[in-house]
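Reviewing the structure listed below.
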Amino acid sequence: MTAINLDRELRRAGAGAQGLRFLSFMARRHLLGTIGLCIMLVFVLSAVFANLICRYDPLTVDSAHALARPDFKHWMGTDSFGRDVWSRIIHGARISLAVGIGSTTLGGIFGIMIGLASGYLSGWVDLVFQRITDILQALPLLVLALVMTAALGPSLPNVIIAIAIPLVPVVSRVVRANTLALREQPFVEAAKSIGMSDTRIALRHVLPNTLAPLIVLATAQLGSTILTEAALSFLGLGIPEPYPSWGRMLSESAAEYVRVAPWLVIFPGVAISLAVFGTNLFGDALRDILDPRQRG
């Protein structure tokens, strides 16, 4: 009978791992999530250092080199105005990430406030807030974002607001469900018994215990917001010209230049797909790490 080396098996399971060993263990255990995180980091670093890795201004027009094929000078070719596609995609990552992070953060803040108040106070407060969220959830995310963008007008702040509003009911429902369960826990009763106010209990004891599902939800919604911004820009209601946006790059070239200059469609489409794919993979891994009930 072969003896089992308990120390070796514990190390293999990740017990006591710290620093780089812990990161290596998590990377092996959640390979797809690590790939998603790497994709996200590539886009984030590209957006931060866009001015250093791009040789051309994304807004500069060069009619002499319009619709130039990809080569060593223009890695992804140029569009119908002679603008470098590589520069526009890299700088477009700034807009996509700004919209994704901004709308997710804004929608999350208001969703947390509504969900926390609705779940903890209950009564007529819960009734009013739930009817409002029912109205907002009656329309799909893209349809409601289209309505809001058409009303506010095409600009970066308006796009962030338009995408954030449909996210509010999604976040509020998650926070409310967790708050309803947490408010009956003994630690909440103990806080009430020593005279702690409802606001302090909700913010200091209930809210921190809802952060794990919120982090997973925010990561999953990030890819959805990027895709929604691309759809709005494709329809002409997103980021206005001449600022680079992946969706607008597709809308400008999909119908007219897809045959003669396919790179104008391929590269923005790949950028959108990779951004959404990376956030979804990372979100799934976070769900497995932070929510043991989802492990299988």
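Quick note on naming: the chains in the structure tokens go A, B, ... in the order shown, residues restart at 1 in each chain, and ligands are numbered from 1 in order of appearance.
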Exercise for the section: Might you pull out every residue within 10 Å of region 269-284 of chain A, with only C-alpha atoms counted and same-chain residues fewer than 4 positions away left off, and present them as a PyMOL selection string? Expected result: chain A and resi 30-43+89-90+92-93+96-97+215-227+230+246-247+249-250+263-265+288-289+294
Give me the region 150-250 of chain A side of the contact with region 60-66 of chain A, cut-off 12 Å, one line per residue showing its nearest atom pair and distance in Å at one decimal, counting only C-alpha atoms, sorted by chain and residue number, as CSV.
residue,atom,partner,partner_atom,distance
A:Pro242,CA,A:Thr60,CA,9.7
A:Tyr243,CA,A:Thr60,CA,10.9
A:Pro244,CA,A:Thr60,CA,11.4
Exercise for the section: Write out as number ranges by chain all residues of region 15-148 of chain A that backbone DSSP assigns to alpha helix (DSSP H). Expected result: A: 20-29, 31-48, 50-53, 85-121, 123-137, 141-148
Practice task
Mind checking which residues fall within 8 Å of Arg173 (chain A), counting only C-alpha atoms, ignoring those fewer than 3 positions away in the same chain, and posting them as a ChimeraX atom specification?
Solution key: /A:111,115,169-170,176-177
Practice task
Go through A:Arg69, A:Arg88, A:Arg28, A:Arg55 one by one, measure the shortest atom-to-atom distance of each to Glu241 (chain A) using only C-alpha atoms, and give the residue with the smallest value.
Solution key: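 Checking each of A:Arg69, A:Arg88, A:Arg28, A:Arg55 against Glu241 (chain A), counting only C-alpha atoms, the winner is A:Arg88.
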Exercise for the section: Rounded to one decimal place, report the CA of Gly82 (chain A)-CA of Tyr56 (chain A) distance in Å. Expected result: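 Spanning CA of Gly82 (chain A) to CA of Tyr56 (chain A) is a straight-line distance of 10.8 Å.
Among the candidates A:Ser233, A:Ser87, A:Ser46, A:Asn209, the residue lying nearest to Arg248 (chain A) is A:Ser233 (atoms considered: only C-alpha atoms).
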Practice task
Using only C-alpha atoms, determine which residues lie at most 9 Å from Ala162 (chain A), disregarding the query and same-chain residues fewer than 5 positions distant; provide the list as a PyMOL selection string.
Solution key: chain A and resi 103+144-149+152+157
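Between Met76 (chain A) and the candidates A:Ala285, A:Leu232, A:Ile266, A:Ala27, the tightest atom-to-atom separation, counting only C-alpha atoms, involves A:Ile266.
Shell of Thr78 (chain A) at 6 Å, with only C-alpha atoms counted and residues fewer than 2 places along the chain excluded, is Leu67, Ala68, Gly82, Arg83, Asp84 and Val85 of chain A.
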Problem - Atom-to-atom span, CA of Ile160 (chain A) and CA of Gly100 (chain A), Å - result: 7.8 Å
Exercise for the section: Name the residues in contact with Gln137 (chain A) at a cut-off of 12 Å, using only C-alpha atoms, excluding same-chain residues fewer than 3 positions from it; report them as a list in words. Expected result: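 So the residues in contact are Gln130, Arg131, Ile132, Thr133, Asp134, Pro140, Leu141, Leu142, Val143, Leu144, Ala145, Ile165, Pro166, Leu167, Val168, Pro169, Val170, Val171, Ser172 and Arg173 of chain A.
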